[in-house]
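This is protein.cif (mmCIF, C-alpha atoms and all ligand atoms).
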```cif
data_upload
loop_
_atom_site.label_atom_id
_atom_site.label_comp_id
_atom_site.auth_asym_id
_atom_site.auth_seq_id
_atom_site.Cartn_x
_atom_site.Cartn_y
_atom_site.Cartn_z
CA MET S 1 104.20 -54.60 6.26
CA LEU S 2 102.91 -57.29 3.92
CA ASN S 3 102.90 -60.55 5.89
CA PHE S 4 104.63 -63.63 4.58
CA ASN S 5 101.74 -65.78 5.84
CA LYS S 6 98.29 -65.36 7.35
CA PRO S 7 96.54 -68.40 8.82
CA CYS S 8 93.67 -69.40 6.55
CA TYR S 9 90.25 -68.29 7.81
CA ILE S 10 86.99 -68.90 5.96
CA GLY S 11 84.56 -67.21 8.34
CA LYS S 12 82.41 -70.17 9.37
CA GLU S 13 84.85 -71.58 11.92
CA GLU S 14 83.18 -69.98 14.98
CA THR S 15 79.86 -71.67 14.21
CA ALA S 16 81.54 -75.06 13.91
CA ILE S 17 83.41 -74.53 17.19
CA GLN S 18 80.15 -73.56 18.92
CA GLU S 19 78.61 -76.77 17.61
CA ALA S 20 81.52 -78.77 19.04
CA ILE S 21 80.96 -77.10 22.42
CA ALA S 22 77.23 -77.87 22.27
CA ASN S 23 78.04 -81.51 21.45
CA GLN S 24 79.75 -81.76 24.85
CA LYS S 25 82.49 -83.86 23.30
CA LEU S 26 85.78 -81.97 23.24
CA SER S 27 88.38 -84.74 23.33
CA GLY S 28 89.65 -86.55 20.23
CA ASN S 29 87.86 -88.86 17.79
CA GLY S 30 84.50 -87.05 18.18
CA PRO S 31 81.95 -86.17 15.48
CA PHE S 32 84.06 -83.39 13.87
CA GLY S 33 87.13 -85.60 13.93
CA LEU S 34 85.13 -88.31 12.18
CA ARG S 35 83.91 -85.89 9.50
CA CYS S 36 87.51 -84.80 8.86
CA THR S 37 88.89 -88.34 8.61
CA ASN S 38 86.00 -89.39 6.34
CA TRP S 39 86.75 -86.38 4.15
CA LEU S 40 90.44 -87.29 3.97
CA GLU S 41 89.71 -90.95 3.22
CA ASP S 42 87.23 -90.04 0.44
CA TYR S 43 89.27 -87.24 -1.07
CA LEU S 44 92.59 -89.07 -0.99
CA GLY S 45 91.06 -92.45 -1.77
CA CYS S 46 93.00 -94.02 1.09
CA GLU S 47 92.00 -96.76 3.47
CA LYS S 48 92.65 -95.05 6.79
CA ALA S 49 93.36 -91.54 8.01
CA ILE S 50 93.62 -90.47 11.64
CA LEU S 51 93.92 -86.95 13.01
CA THR S 52 96.95 -86.14 15.14
CA PRO S 53 98.01 -83.06 17.15
CA SER S 54 100.64 -82.28 14.48
CA CYS S 55 102.49 -83.67 11.50
CA THR S 56 105.38 -84.10 13.96
CA GLY S 57 103.18 -86.44 16.03
CA ALA S 58 102.13 -88.37 12.92
CA LEU S 59 105.81 -88.79 11.95
CA GLU S 60 106.57 -90.10 15.45
CA MET S 61 103.78 -92.63 15.00
CA THR S 62 105.33 -93.84 11.74
CA ALA S 63 108.66 -94.37 13.51
CA LEU S 64 106.83 -96.59 16.02
CA LEU S 65 104.78 -98.38 13.34
CA ILE S 66 107.84 -99.46 11.36
CA GLU S 67 109.47 -100.50 14.66
CA THR S 68 112.49 -98.26 14.37
CA ASN S 69 115.27 -99.62 16.58
CA PRO S 70 118.60 -98.10 17.66
CA GLY S 71 121.09 -98.43 14.83
CA ASP S 72 118.50 -98.59 12.05
CA GLU S 73 119.26 -96.24 9.19
CA ILE S 74 116.60 -93.94 7.80
CA ILE S 75 117.28 -92.17 4.51
CA MET S 76 115.82 -88.69 4.00
CA PRO S 77 116.72 -85.35 2.42
CA SER S 78 118.88 -83.01 4.48
CA TYR S 79 116.75 -80.22 3.07
CA THR S 80 113.68 -80.59 5.28
CA PHE S 81 112.07 -79.54 8.55
CA VAL S 82 113.56 -80.95 11.77
CA SER S 83 110.52 -83.11 12.56
CA THR S 84 111.20 -85.41 9.61
CA ALA S 85 114.46 -86.45 11.29
CA ASN S 86 113.50 -86.01 14.95
CA ALA S 87 110.78 -88.66 14.81
CA PHE S 88 113.38 -91.32 14.00
CA ALA S 89 116.22 -89.87 16.11
CA LEU S 90 113.88 -90.24 19.10
CA ARG S 91 113.91 -94.00 18.50
CA GLY S 92 117.69 -94.17 18.22
CA ALA S 93 117.93 -94.35 14.44
CA ASN S 94 120.91 -93.10 12.46
CA ILE S 95 119.77 -90.57 9.92
CA ARG S 96 121.28 -90.75 6.45
CA PHE S 97 120.81 -87.36 4.86
CA VAL S 98 120.99 -87.36 1.08
CA ASP S 99 121.07 -84.76 -1.65
CA VAL S 100 118.13 -83.16 -3.45
CA GLU S 101 117.45 -82.52 -7.11
CA PRO S 102 118.01 -78.82 -7.79
CA GLU S 103 114.89 -78.36 -9.98
CA THR S 104 112.43 -79.34 -7.24
CA MET S 105 114.50 -79.49 -4.02
CA ASN S 106 113.05 -83.01 -3.62
CA ILE S 107 115.06 -86.08 -2.63
CA SER S 108 117.27 -87.52 -5.37
CA PRO S 109 116.42 -91.18 -6.08
CA ALA S 110 119.98 -91.77 -7.35
CA ALA S 111 121.37 -90.47 -4.04
CA VAL S 112 118.92 -92.68 -2.15
CA GLU S 113 120.00 -95.74 -4.10
CA ARG S 114 123.67 -95.09 -3.25
CA ALA S 115 122.86 -94.59 0.46
CA VAL S 116 121.11 -97.94 0.98
CA THR S 117 123.00 -100.37 3.26
CA ASP S 118 121.97 -103.57 5.01
CA LYS S 119 120.98 -101.41 8.02
CA THR S 120 118.55 -99.25 6.04
CA LYS S 121 115.00 -99.52 7.31
CA ALA S 122 113.07 -96.79 5.57
CA ILE S 123 113.10 -93.93 3.11
CA THR S 124 111.28 -90.78 4.20
CA VAL S 125 110.57 -88.44 1.32
CA VAL S 126 109.39 -84.83 1.56
CA HIS S 127 107.19 -83.31 -1.13
CA TYR S 128 108.75 -79.87 -0.98
CA ALA S 129 106.47 -76.92 -1.75
CA GLY S 130 103.65 -79.41 -2.34
CA ILE S 131 105.33 -80.75 -5.48
CA GLY S 132 105.70 -84.53 -5.67
CA CYS S 133 108.97 -86.46 -5.43
CA ASP S 134 109.85 -89.00 -8.12
CA MET S 135 107.74 -91.66 -6.39
CA ASP S 136 108.05 -94.30 -9.15
CA ALA S 137 111.82 -94.37 -8.69
CA ILE S 138 111.55 -94.28 -4.87
CA MET S 139 109.03 -97.14 -4.72
CA GLU S 140 111.19 -99.20 -7.05
CA ILE S 141 114.26 -98.78 -4.81
CA ALA S 142 112.14 -99.60 -1.75
CA ASP S 143 110.66 -102.74 -3.34
CA LYS S 144 114.04 -103.96 -4.45
CA ASN S 145 115.56 -103.49 -0.97
CA ASN S 146 112.49 -104.30 1.13
CA LEU S 147 112.27 -100.85 2.73
CA TRP S 148 109.42 -98.86 4.20
CA VAL S 149 108.45 -95.63 2.46
CA ILE S 150 107.05 -92.72 4.44
CA GLU S 151 105.80 -89.62 2.67
CA ASP S 152 106.21 -86.42 4.67
CA ALA S 153 103.32 -84.78 2.84
CA ALA S 154 103.08 -81.92 5.36
CA GLN S 155 102.91 -79.39 2.51
CA ALA S 156 101.20 -81.52 -0.10
CA LEU S 157 97.49 -81.98 0.64
CA THR S 158 95.55 -82.23 -2.69
CA SER S 159 98.70 -82.38 -4.87
CA THR S 160 99.01 -85.33 -7.25
CA TYR S 161 101.65 -87.52 -8.90
CA ASN S 162 100.70 -89.48 -12.04
CA GLY S 163 97.05 -88.85 -11.16
CA LYS S 164 97.40 -90.23 -7.61
CA GLN S 165 97.04 -88.09 -4.52
CA LEU S 166 100.34 -87.50 -2.73
CA GLY S 167 100.24 -89.32 0.56
CA THR S 168 98.69 -92.45 -0.93
CA ILE S 169 101.81 -93.94 -2.54
CA GLY S 170 104.15 -94.85 0.34
CA HIS S 171 103.26 -97.19 3.22
CA PHE S 172 102.49 -94.24 5.49
CA SER S 173 102.15 -90.52 5.00
CA THR S 174 101.83 -87.50 7.23
CA PHE S 175 100.05 -84.17 6.72
CA SER S 176 100.25 -80.90 8.65
CA PHE S 177 97.51 -78.44 9.55
CA HIS S 178 99.91 -75.99 11.18
CA GLU S 179 98.95 -72.34 10.62
CA THR S 180 101.61 -72.02 7.91
CA LYS S 181 100.02 -74.75 5.77
CA ASN S 182 97.28 -74.34 3.13
CA ILE S 183 94.59 -75.85 5.35
CA THR S 184 94.93 -75.32 9.05
CA CYS S 185 93.54 -75.57 12.55
CA GLY S 186 96.47 -73.86 14.26
CA GLU S 187 98.33 -76.99 15.24
CA GLY S 188 97.20 -80.31 13.80
CA GLY S 189 98.07 -83.16 11.49
CA ALA S 190 97.02 -86.45 10.01
CA LEU S 191 98.51 -89.88 9.56
CA VAL S 192 97.47 -91.82 6.47
CA ILE S 193 97.97 -95.56 6.66
CA ASN S 194 98.21 -97.28 3.30
CA HIS S 195 99.71 -100.44 4.82
CA THR S 196 96.53 -102.28 5.83
CA ALA S 197 98.14 -104.54 8.41
CA SER S 198 99.24 -101.49 10.44
CA VAL S 199 95.80 -99.87 10.84
CA GLU S 200 94.85 -101.58 14.09
CA ARG S 201 98.21 -100.86 15.73
CA ALA S 202 98.06 -97.21 14.64
CA GLU S 203 94.71 -96.84 16.41
CA ILE S 204 96.23 -98.31 19.57
CA LEU S 205 99.34 -96.09 19.47
CA GLN S 206 97.10 -93.04 19.03
CA GLU S 207 95.11 -93.88 22.19
CA LYS S 208 98.04 -94.12 24.67
CA GLY S 209 98.60 -97.77 23.82
CA THR S 210 95.04 -98.85 24.66
CA ASN S 211 92.38 -100.47 22.51
CA ARG S 212 89.89 -97.74 23.36
CA LYS S 213 89.03 -97.31 19.66
CA GLN S 214 87.94 -100.94 19.40
CA PHE S 215 85.95 -100.41 22.59
CA ALA S 216 84.23 -97.34 21.09
CA LYS S 217 83.29 -99.43 18.04
CA GLY S 218 81.82 -102.10 20.31
CA MET S 219 84.43 -104.66 19.30
CA VAL S 220 85.62 -105.35 22.86
CA ASP S 221 83.67 -104.94 26.12
CA LYS S 222 86.34 -103.06 28.02
CA TYR S 223 89.53 -101.37 27.03
CA SER S 224 92.99 -102.05 28.36
CA TRP S 225 96.66 -101.29 27.87
CA ARG S 226 97.93 -103.27 24.84
CA ASP S 227 101.12 -101.66 23.57
CA VAL S 228 103.33 -98.58 23.84
CA GLY S 229 101.67 -95.40 22.67
CA SER S 230 101.11 -91.78 23.44
CA SER S 231 98.39 -89.16 23.16
CA TYR S 232 98.26 -88.63 19.42
CA LEU S 233 94.75 -87.21 19.20
CA LEU S 234 93.42 -83.94 17.84
CA ASN S 235 90.82 -82.31 20.11
CA GLU S 236 87.32 -81.56 18.76
CA LEU S 237 87.63 -77.75 18.93
CA SER S 238 90.55 -77.93 16.52
CA ALA S 239 88.79 -80.58 14.41
CA ALA S 240 85.75 -78.25 14.10
CA TYR S 241 87.96 -75.44 12.74
CA LEU S 242 89.67 -77.95 10.45
CA TRP S 243 86.34 -79.31 9.16
CA VAL S 244 85.31 -75.90 7.81
CA GLN S 245 88.64 -75.60 6.02
CA LEU S 246 88.45 -79.07 4.48
CA GLU S 247 84.93 -78.29 3.23
CA HIS S 248 86.41 -75.25 1.47
CA ALA S 249 89.57 -76.96 0.24
CA GLY S 250 88.74 -76.34 -3.43
CA GLN S 251 88.19 -72.64 -2.88
CA ILE S 252 91.40 -72.33 -0.82
CA MET S 253 93.58 -74.12 -3.37
CA ASP S 254 92.07 -72.17 -6.33
CA ASP S 255 92.80 -68.87 -4.61
CA ARG S 256 96.39 -69.89 -3.84
CA LEU S 257 96.95 -71.19 -7.37
CA LYS S 258 95.76 -67.88 -8.80
CA THR S 259 98.43 -66.09 -6.73
CA TRP S 260 101.10 -68.66 -7.60
CA ARG S 261 100.45 -68.23 -11.34
CA LYS S 262 100.48 -64.46 -11.01
CA TYR S 263 103.93 -64.63 -9.43
CA TYR S 264 105.11 -67.09 -12.07
CA ASP S 265 103.89 -64.98 -15.03
CA GLY S 266 105.10 -61.78 -13.43
CA LEU S 267 108.63 -63.02 -12.72
CA LYS S 268 109.43 -65.41 -15.57
CA SER S 269 111.10 -62.70 -17.65
CA ILE S 270 113.88 -62.22 -15.08
CA GLU S 271 116.70 -64.27 -16.51
CA THR S 272 119.00 -64.24 -13.51
CA ILE S 273 116.60 -65.99 -11.14
CA SER S 274 115.00 -69.43 -11.26
CA LEU S 275 111.38 -70.25 -10.54
CA PRO S 276 109.80 -73.44 -9.14
CA HIS S 277 109.66 -76.38 -11.53
CA VAL S 278 106.58 -78.61 -11.67
CA PRO S 279 107.38 -81.98 -13.33
CA ASP S 280 104.87 -83.24 -15.94
CA GLU S 281 103.68 -86.04 -13.62
CA CYS S 282 102.71 -83.55 -10.94
CA THR S 283 99.89 -81.17 -10.13
CA HIS S 284 100.38 -79.00 -7.07
CA ASN S 285 98.50 -77.08 -4.41
CA ALA S 286 100.43 -73.78 -4.54
CA HIS S 287 101.79 -74.30 -1.06
CA MET S 288 104.75 -72.04 -1.71
CA PHE S 289 106.20 -69.66 -4.25
CA TYR S 290 109.96 -69.30 -4.09
CA ILE S 291 112.63 -67.88 -6.32
CA LYS S 292 116.32 -68.73 -6.36
CA THR S 293 118.85 -65.95 -6.58
CA GLU S 294 122.55 -65.50 -5.88
CA HIS S 295 121.62 -62.21 -4.17
CA ARG S 296 119.25 -63.53 -1.55
CA HIS S 297 120.33 -61.39 1.34
CA GLU S 298 120.21 -58.13 -0.63
CA LEU S 299 116.85 -59.01 -2.19
CA MET S 300 115.29 -59.86 1.18
CA ASN S 301 116.53 -56.54 2.58
CA HIS S 302 115.26 -54.66 -0.46
CA LEU S 303 111.82 -56.23 -0.04
CA LYS S 304 111.80 -55.49 3.68
CA ASP S 305 112.62 -51.84 2.95
CA ASN S 306 109.57 -51.89 0.68
CA GLY S 307 107.28 -53.31 3.36
CA ILE S 308 107.37 -56.92 2.18
CA MET S 309 108.23 -59.94 4.33
CA ALA S 310 110.06 -62.51 2.21
CA VAL S 311 111.87 -65.33 3.97
CA SER S 312 114.55 -67.96 3.43
CA HIS S 313 113.97 -71.62 4.25
CA TYR S 314 115.57 -74.72 5.77
CA VAL S 315 119.18 -74.71 6.89
CA PRO S 316 120.28 -78.21 5.76
CA LEU S 317 119.86 -80.57 8.71
CA HIS S 318 123.23 -82.28 8.29
CA SER S 319 124.95 -78.98 9.09
CA SER S 320 122.96 -78.38 12.30
CA HIS S 321 124.09 -79.23 15.84
CA ALA S 322 121.53 -82.04 16.26
CA GLY S 323 121.88 -83.22 12.68
CA LYS S 324 125.57 -83.93 13.29
CA GLN S 325 124.70 -85.83 16.44
CA PHE S 326 121.94 -88.00 14.99
CA GLY S 327 123.11 -88.54 11.46
CA LYS S 328 125.39 -87.70 8.62
CA PHE S 329 125.33 -86.89 4.97
CA ALA S 330 125.57 -89.94 2.72
CA GLY S 331 127.29 -89.21 -0.58
CA GLU S 332 128.18 -85.78 -1.83
CA ASP S 333 126.36 -82.55 -1.00
CA ILE S 334 126.28 -81.15 -4.51
CA PHE S 335 123.00 -79.24 -4.39
CA THR S 336 121.56 -79.16 -0.86
CA THR S 337 123.72 -76.41 0.64
CA ALA S 338 124.35 -74.46 -2.54
CA GLU S 339 120.72 -74.37 -3.69
CA SER S 340 119.11 -73.83 -0.29
CA ASP S 341 121.29 -70.71 0.09
CA LYS S 342 119.50 -69.14 -2.89
CA ILE S 343 115.88 -69.61 -1.81
CA VAL S 344 113.59 -66.67 -1.07
CA ARG S 345 109.94 -67.44 -0.35
CA LEU S 346 107.37 -64.79 -1.27
CA PRO S 347 104.15 -63.86 0.59
CA LEU S 348 101.39 -66.34 -0.31
CA TYR S 349 98.24 -66.97 1.68
CA TYR S 350 94.52 -67.43 1.18
CA GLY S 351 92.96 -64.08 0.35
CA ILE S 352 96.17 -62.16 -0.44
CA GLU S 353 95.15 -59.15 -2.51
CA GLU S 354 96.11 -58.88 -6.17
CA LYS S 355 97.52 -55.40 -5.69
CA ASP S 356 99.86 -56.76 -3.01
CA VAL S 357 101.09 -59.51 -5.31
CA ASP S 358 101.62 -56.89 -8.05
CA HIS S 359 103.60 -54.80 -5.58
CA VAL S 360 105.89 -57.75 -4.71
CA ILE S 361 106.46 -58.49 -8.41
CA SER S 362 107.22 -54.86 -9.21
CA ARG S 363 109.69 -54.52 -6.30
CA ILE S 364 111.52 -57.71 -7.37
CA LYS S 365 111.75 -56.46 -10.96
CA HIS S 366 113.01 -53.14 -9.66
CA PHE S 367 115.73 -54.94 -7.67
CA PHE S 368 116.86 -56.76 -10.81
CA LYS S 369 116.76 -53.43 -12.75
CA LEU S 370 113.87 -54.45 -15.01
C1 LIG S 401 105.29 -78.16 8.55
C2 LIG S 401 106.12 -79.35 8.35
C3 LIG S 401 106.27 -80.33 9.34
C4 LIG S 401 105.76 -80.16 10.74
O1 LIG S 401 104.39 -80.02 10.82
P1 LIG S 401 103.72 -79.79 12.27
O2 LIG S 401 102.26 -80.03 11.98
O3 LIG S 401 104.01 -78.37 12.65
O4 LIG S 401 104.28 -80.77 13.21
C5 LIG S 401 107.00 -81.47 9.03
N1 LIG S 401 107.55 -81.63 7.83
C6 LIG S 401 107.45 -80.72 6.86
C7 LIG S 401 108.08 -80.96 5.53
C8 LIG S 401 106.74 -79.53 7.08
O5 LIG S 401 106.64 -78.62 6.11
#
```
Could you spell out this file's structure in structure tokens?
Ligand SMILES: *Cc1c(COP(=O)(O)O)cnc(C)c1O
Amino acid sequence: MLNFNKPCYIGKEETAIQEAIANQKLSGNGPFGLRCTNWLEDYLGCEKAILTPSCTGALEMTALLIETNPGDEIIMPSYTFVSTANAFALRGANIRFVDVEPETMNISPAAVERAVTDKTKAITVVHYAGIGCDMDAIMEIADKNNLWVIEDAAQALTSTYNGKQLGTIGHFSTFSFHETKNITCGEGGALVINHTASVERAEILQEKGTNRKQFAKGMVDKYSWRDVGSSYLLNELSAAYLWVQLEHAGQIMDDRLKTWRKYYDGLKSIETISLPHVPDECTHNAHMFYIKTEHRHELMNHLKDNGIMAVSHYVPLHSSHAGKQFGKFAGEDIFTTAESDKIVRLPLYYGIEEKDVDHVISRIKHFFKL
């Protein structure tokens, strides 16, 4: 069976983990953690990045940082992973799910604009498949209505929009290093803070509500409980694995892009399916290759019979049990349900062999009688 995903592995991770063990510092914010956050800050060109146990944890931190209160409305696409919504539902917010644009499956700025009320607190966008949302339009709506913007950039590390790194445009952004993402450490994430005034509070929330970080920097002579918080740290063993991957980010993305282009060139002649669209303002990191077809179920079965794991994606959150409890769809669901029903994601991971990609392409063409 050809896997849908394999966690990225460079081959130098063991050595880094052994070094972390020898350092005798295994908890968070150690030397490997610092190397990773420095890398993120340099690469992204952002003021502050902190490592978290997951993108989910980073999203929860953003909900605290914007002081989400019961009754606040948060606008986001319905077509996303549960964590995008959960982080705010945990704080009692009402989620306003809005429609996506069919070409990219990214949040529709027009739908956002129509969903804004005097209770709206924030817009959380998701850069689906590592391809950027229309951030100019989103930031304009946010400025006009005095709203926070959070980028769920879980899939989007190294992708750009108008020459800017995704994750550096909104007030906060969150990345994932889950094993299904381009760069991984099993479970892990990062919070990027572009809103300068929130940096200090973010460091306190991360350390269980204490000012331990200021203590470590020698800014205070003992640390104490200052605020609410939780344990939002990534341990050093994971940070060591992550460090090797970040150092090889270029190599990882190039390899994935090669596969992505091979799929694109190999499948573009099939007229009855649609392929991912990359807007002119965007460059992407080849996080995902999906096709849209009216015959999803049959195609997935056909691929499975040929030893290939191809998978669907998100069930729109507004139609889920929890989604109905914590929010509702604002406006009309023109594309979310209809388009998400057509998505089939193809195997794509670092080091996938060319012959395997050729096999997937040939089996898809065979299905469509080409
Ligand atoms: C993967 C993903 C998450 C969750 O990431 P974790 O690191 O597993 O918490 C959140 N949002 C989106 C859009 C994702 O793709």
Practice prompt. Could you give me, as a list in words, the residues that have an atom at most 6 Å away from the point (95.3, -88.3, 18.4) in the coordinates of the file, using all atoms listed in the file?
Written response: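 Nearby residues: Leu51, Thr52, Gln206, Ser231, Tyr232, Leu233 and Leu234 of chain S.
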Worksheet item: Interatomic distance between CA of Val192 (chain S) and atom C1 of ligand LIG 401 (chain S)?
Response: 15.9 Å
Got a sec to check which residues lie within 8 Å of ligand LIG 401 (chain S), using only C-alpha atoms and all ligand atoms, and send them as a compact mmCIF listing (two decimals) with C-alpha atoms, keeping the file's coordinate frame?
```txt
# COMPACT_ATOMS: atom_id res chain seq x y z
CA PRO S 53 98.01 -83.06 17.15
CA SER S 54 100.64 -82.28 14.48
CA CYS S 55 102.49 -83.67 11.50
CA THR S 56 105.38 -84.10 13.96
CA GLY S 57 103.18 -86.44 16.03
CA ALA S 58 102.13 -88.37 12.92
CA LEU S 59 105.81 -88.79 11.95
CA THR S 80 113.68 -80.59 5.28
CA PHE S 81 112.07 -79.54 8.55
CA VAL S 82 113.56 -80.95 11.77
CA SER S 83 110.52 -83.11 12.56
CA THR S 84 111.20 -85.41 9.61
CA VAL S 126 109.39 -84.83 1.56
CA HIS S 127 107.19 -83.31 -1.13
CA TYR S 128 108.75 -79.87 -0.98
CA ASP S 152 106.21 -86.42 4.67
CA ALA S 153 103.32 -84.78 2.84
CA ALA S 154 103.08 -81.92 5.36
CA GLN S 155 102.91 -79.39 2.51
CA PHE S 175 100.05 -84.17 6.72
CA SER S 176 100.25 -80.90 8.65
CA PHE S 177 97.51 -78.44 9.55
CA HIS S 178 99.91 -75.99 11.18
CA THR S 180 101.61 -72.02 7.91
CA LYS S 181 100.02 -74.75 5.77
CA GLU S 187 98.33 -76.99 15.24
CA GLY S 188 97.20 -80.31 13.80
CA GLY S 189 98.07 -83.16 11.49
```
Discussion item. Please list as a count of residues only every residue within 12 Å of Met300 (chain S), counting only C-alpha atoms and excluding residues in the same chain fewer than 4 positions away.
Written reply: 26
Worksheet item: Counting all atoms listed in the file, which of S:Met61, S:Ile141, S:Leu147, S:Ala322 gets nearest to Glu73 (chain S)?
Response: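 Among S:Met61, S:Ile141, S:Leu147, S:Ala322, it is S:Leu147 that comes nearest to Glu73 (chain S).
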Fill in: Separation of CA of Leu90 (chain S) from CA of Gly209 (chain S) in Å
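CA of Leu90 (chain S) lies at a distance of 17.7 Å from CA of Gly209 (chain S).
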Fill in: Distance of CA of Asn94 (chain S) from CA of Lys119 (chain S), expressed in Å to one decimal place
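Interatomic distance, CA of Lys119 (chain S) to CA of Asn94 (chain S): 9.4 Å.
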Practice prompt. Between S:Ala286, S:Cys133, S:Ile193, S:Ala338, single out the one closest to Tyr161 (chain S), counting only C-alpha atoms.
Written response: S:Cys133
Fill in: Selection near Ile21 (chain S), 9 Å with all atoms listed in the file, sequence-local residues under 4 positions removed, as a list of chain:residue names
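Everything that qualifies: S:Ala16, S:Ile17, S:Lys25, S:Leu26, S:Glu236, S:Leu237.
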Fill in: Residues within 8 Å of Lys6 (chain S), all atoms listed in the file, excluding chain neighbours under 6 positions, as a list in words
Glu179, Thr180, Tyr349 and Tyr350 of chain S
Practice prompt. Could you check which of S:Leu275, S:Ala93, S:Ile123, S:Ala197 is closest to Arg261 (chain S), using all atoms listed in the file?
Written response: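 Checking each of S:Leu275, S:Ala93, S:Ile123, S:Ala197 against Arg261 (chain S), counting all atoms listed in the file, the winner is S:Leu275.
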Worksheet item: Counting all atoms listed in the file, what is within 9 Å of region 104-106 of chain S, bar same-chain residues fewer than 5 positions away, as a list in words?
Response: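 Answer for this query is Pro77, Tyr79, Asp99, Val125, Val126, His127, Tyr128, Ala129, Ile131, Gly132, Cys133, Asp134, Pro276, His277, Val278, Pro279, Phe335, Thr336, Glu339 and Ser340 of chain S.
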Item to complete: For a cut-off of 12 Å around (79.3, -76.3, 17.6), file coordinates, pick out all residues using all atoms listed in the file and list them as an MDAnalysis selection string.
Response: chainID S and resid 12:26 30:32 236:241 243:244
Worksheet item: From the set S:Ile361, S:Val100, S:Ala87, S:Leu64, which residue has the shortest atom-to-atom contact distance to Gly266 (chain S), counting all atoms listed in the file?
Response: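 Between S:Ile361, S:Val100, S:Ala87, S:Leu64, the residue approaching Gly266 (chain S) most closely is S:Ile361.
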